[in-house]
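The structure appears right after this line, and notes come after that.
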Amino acid sequence: MFLPSSDSYSYFFSLPFHYFLFQVMRRCLLPYFHIPIWSSLTIAATIAAVVLATFAQTIFQKKTPSDKMAAKSLQNVVVVGGSYVGMRAAKELASILPASHRVLLIEPHSHFNHLFVFPRFAIVPNHEHKAFVPYSTVFSSAPDPAHHQVVRARVASLHPNHVTLDREWQGSRDLVFEYLVAATGTRLAAPGSMPSEDKLPSVRYLQSYQQGIAKAQSVVVVGGGAVGVQMACDLKEVYPDKNITLVHSRQQLMPVYHEGLSDLIKARFATLGINLVAGSRAVVPPAGFPNGTGEPFHVSLQGDRSVLADFAILATGQTPNNQFLRGLASPETDSASPLPDTLVNPSNGFIRVRPTLQFRDARFSHLFAVGDIADSGAHKAARPGAVQAAIAAKNIAGLVAGRAPSETIVVAPAGIHLTLGLTRNVIFRNPDTAAGATEPFVNLKDDGQEDMGVEGFWERNGVAVASPKDYHL
Ligand SMILES: Cc1cc2nc3c(=O)[nH]c(=O)nc-3n(C[C@H](O)[C@H](O)[C@H](O)COP(=O)(O)OP(=O)(O)OC[C@H]3O[C@@H](n4cnc5c(N)ncnc54)[C@H](O)[C@@H]3O)c2cc1C
Ligand SMILES: NC(=O)c1ccc[n+]([C@@H]2O[C@H](COP(=O)([O-])OP(=O)(O)OC[C@H]3O[C@@H](n4cnc5c(N)ncnc54)[C@H](OP(=O)(O)O)[C@@H]3O)[C@@H](O)[C@H]2O)c1
């Protein structure tokens with residue numbers, strides 16, 4: 001038989017207590033009342049007691065002082081950046097860390113920015129609100145979801161054992177941690193990244209972008225990476241009568257990939273009627289292009305050439321989000337000088353990591369970097385980032401258990417699933433030269449959807465949608 005323990009509070013709300021209550025009522029009352037009606041009343045009284053206890057549990061459980069103390073005594077594992085890779089790392093950590101540790105996912109966006117769809121939704125209307133998904137379910141499948149939290153803030157600076165946030169969280173801007181995973185990725189020129197951290201202004205931004213494009217007659221796309229290629233193809237399919245020109249610095253489009261991809265894209269441009277100016281760098285004005293004035297302007301190219309446009313799209317690549325590392329640099333380093341080579345690779349600004357994804361700098365073995373911000377050798381994509389997130393989480397769980405990190409990454413050949421219009425798309429993988437392959441893998445398909453299957457993304461993240469209005473939440 002269960003007896004109340006010293007932890008009488010939790011005992012009061014436990015299932016054994018409900019059973020104990022039932023036994024007491026049955027034994028006390030039944031000997032006196034042998035007729036069925038009293039027996040039924042006893043059961044009814046027991047059910048009422050159980051319902052009352054459960055009700056009291058839901059009211060009081062969140063607020064008990066003992067729970068608050070427990071949260072304070074937990075060790076923090078901080079994940080900085082809540083995009084594809086940071087969110088994956090946070091989920092993995094929450095599922096494998098012991099109850100002594102909690103995961104805090106620090107992210108300034110009000111909603112998950114599903115940026116895969118930004119280029120499409122900057123052109124095609126009516127889906128833009130679905131690109132921003134609530135963070136409500138990040139920890140819902142963890143063994144103890146209430147343990148962990150999404151902290152809405154930006155890390156202003158990282159120090160060896162704490163981060164300083166750009167705003168207060170639970171009464172402080174400083175947050176102490178035992179382990180940290182940096183998943184701060186990169187930023188792109190809009191519409192590759194949003195100018196706002198909030199959902200509604202971001203939705204409005206995409207809507208006004210669509211309207212700007214709709215009014216333009218000549219659109220110039222600057223940059224022949226994946227963003228530029230996807231946008232040029234979408235533009236020409238949605239608006240076949242507009243002049244669409246893509247200006248790219250080199251002869252080969254998407255130079256991270258085998259030149260077969262460039263050839264395939266050039267053929268697609270020819271079919272659609274997209275003008276390609278290759279081997280020419282556009283001059284980007286410091287204040288950006290004068291879109292939306294209603295007046296045409298010249299996009300200047302190096303070598304005294306120019307292209308006339310009334311709307312220009314910047315698709316010129318990524319800038320690493322590494323400024324928060326400054327707190328780890330020596331105190332003499334002023335904010336204008338570059339970050340030390342021990343922390344970031346000076347040729348690209350990405351965090352130097354070991355194969356275990358720990359910072360390469362031996363002073364910071366308790367810090368990890370994953371996804372686009374990590375100089376891991378892997379190509380920049382969410383898929384290899386997710387594998388890295390799982391590896392970092394396992395290594396941290398090992399360290400918590402007193403073991404040395406043993407999981408290491410394997411860098412696979414770069415691959416991409418690229419749209420070439422609303423339905424045309426290609427899965428392309430560079431040859432696996434380590435395995436002796438010389439030819440890329442190419443799978444051209446015609447099964448794309450206008451909304452890029454965005455609703456499935458909500459579903460896969462477990463965000464309930466009872467009516468179309470819920471996509472606006
Ligand atoms: C248009 C587009 C389509 C793509 N499509 C695909 C695809 O189909 N498949 C694929 O595998 N990959 C795709 N990619 C690549 C993929 O999006 C990136 O590889 C992926 O976003 C990297 O994820 P990440 O979490 O490392 O970083 P990011 O996605 O760059 O996210 C970094 C996060 O960190 C936050 N952050 C930054 N600094 C701080 C700070 N100081 N404090 C707190 N938070 C901070 C940011 O707000 C952001 O949420 C696409 C990329 C683009 C641009
Ligand atoms: N479907 C997908 O998986 C998908 C879709 C979109 C994006 N992405 C990923 O998102 C990331 C960002 O993509 P992105 O296309 O923005 O960047 P990107 O891959 O870096 O491509 C940008 C290209 O623009 C060129 N460029 C830069 N400035 C220029 C200028 N002034 N004039 C002419 N050309 C210029 C760059 O060439 P130089 O190097 O010569 O400067 C570069 O090749 C990449 O990792 C990409 O793979 C993935």
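Scheme for the structure tokens: letters A, B, ... for chains in order shown; per-chain residue numbers from 1; ligand numbers from 1 in order shown.
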
Exercise. Grab me every residue within 7 Å of ligand 2, counting only C-alpha atoms and all ligand atoms, and send it over as a PyMOL selection string.
Key: chain A and resi 116+188+192+222-228+247-250+253-255+280-284+315-318+380-381+416-419

Exercise. Output the neighbourhood of ligand 1 as a PyMOL selection string, that is, all protein and nucleic acid residues with some atom at most 6 Å from the ligand, counting only C-alpha atoms and all ligand atoms.
Key: chain A and resi 80-86+106-109+115-116+118-119+154-156+183-186+192+227+321+324+371-373+380-383+417

Could you turn the residues from that selection into a file that holds C-alpha atoms, as a PDB file, in the first residue's frame?
ATOM      1  CA  VAL A  80      21.311  30.091 -30.412  1.00  0.00           C
ATOM      2  CA  GLY A  81      19.162  30.411 -33.544  1.00  0.00           C
ATOM      3  CA  GLY A  82      15.794  28.737 -34.114  1.00  0.00           C
ATOM      4  CA  SER A  83      15.764  28.045 -37.828  1.00  0.00           C
ATOM      5  CA  TYR A  84      15.911  24.598 -39.492  1.00  0.00           C
ATOM      6  CA  VAL A  85      19.126  23.461 -37.831  1.00  0.00           C
ATOM      7  CA  GLY A  86      18.806  25.157 -34.419  1.00  0.00           C
ATOM      8  CA  ILE A 106      17.055  31.578 -28.289  1.00  0.00           C
ATOM      9  CA  GLU A 107      15.554  33.169 -31.404  1.00  0.00           C
ATOM     10  CA  PRO A 108      14.409  36.741 -32.139  1.00  0.00           C
ATOM     11  CA  HIS A 109      11.719  35.842 -34.715  1.00  0.00           C
ATOM     12  CA  LEU A 115      12.568  30.663 -45.859  1.00  0.00           C
ATOM     13  CA  PHE A 116      12.545  27.937 -48.549  1.00  0.00           C
ATOM     14  CA  PHE A 118      10.282  33.223 -49.538  1.00  0.00           C
ATOM     15  CA  PRO A 119      11.450  33.640 -53.187  1.00  0.00           C
ATOM     16  CA  ARG A 154      18.791  37.829 -29.896  1.00  0.00           C
ATOM     17  CA  VAL A 155      22.158  36.904 -28.389  1.00  0.00           C
ATOM     18  CA  ALA A 156      24.041  40.192 -28.361  1.00  0.00           C
ATOM     19  CA  ALA A 183      23.011  27.759 -35.146  1.00  0.00           C
ATOM     20  CA  THR A 184      22.908  31.398 -36.201  1.00  0.00           C
ATOM     21  CA  GLY A 185      23.211  30.697 -39.925  1.00  0.00           C
ATOM     22  CA  THR A 186      23.317  33.565 -42.372  1.00  0.00           C
ATOM     23  CA  GLY A 192      15.779  35.874 -49.063  1.00  0.00           C
ATOM     24  CA  VAL A 227      17.723  32.156 -55.220  1.00  0.00           C
ATOM     25  CA  ASN A 321      25.647  35.838 -38.496  1.00  0.00           C
ATOM     26  CA  PHE A 324      27.699  37.658 -31.388  1.00  0.00           C
ATOM     27  CA  GLY A 371      24.291  24.272 -39.897  1.00  0.00           C
ATOM     28  CA  ASP A 372      25.185  27.160 -42.167  1.00  0.00           C
ATOM     29  CA  ILE A 373      27.266  29.042 -39.568  1.00  0.00           C
ATOM     30  CA  LYS A 380      25.013  25.002 -46.943  1.00  0.00           C
ATOM     31  CA  ALA A 381      21.650  23.254 -46.795  1.00  0.00           C
ATOM     32  CA  ALA A 382      19.118  22.272 -44.142  1.00  0.00           C
ATOM     33  CA  ARG A 383      19.493  18.552 -44.816  1.00  0.00           C
ATOM     34  CA  HIS A 417      16.370  20.190 -54.907  1.00  0.00           C
TER      35      HIS A 417
END

Exercise. Rank nothing, just name the residue among A:Leu158, A:Val78, A:Ala99, A:Leu444 nearest to Ile265 in chain A, using only C-alpha atoms.
Key: A:Leu444

Quiz item: Which polymer residues have any atom within 9 Å of an atom of Gly294 in chain A, counting only C-alpha atoms, with same-chain residues fewer than 4 positions away left out, as a VMD selection string?
Solution: chain A and resid 215 to 216 310

Quiz item: Residues of range 185-411 of chain A in helix (DSSP H, G or I) according to DSSP, as a VMD selection string?
Solution: chain A and resid 199 to 215 226 to 238 259 to 272 323 to 328 362 to 364 371 to 373 382 to 400
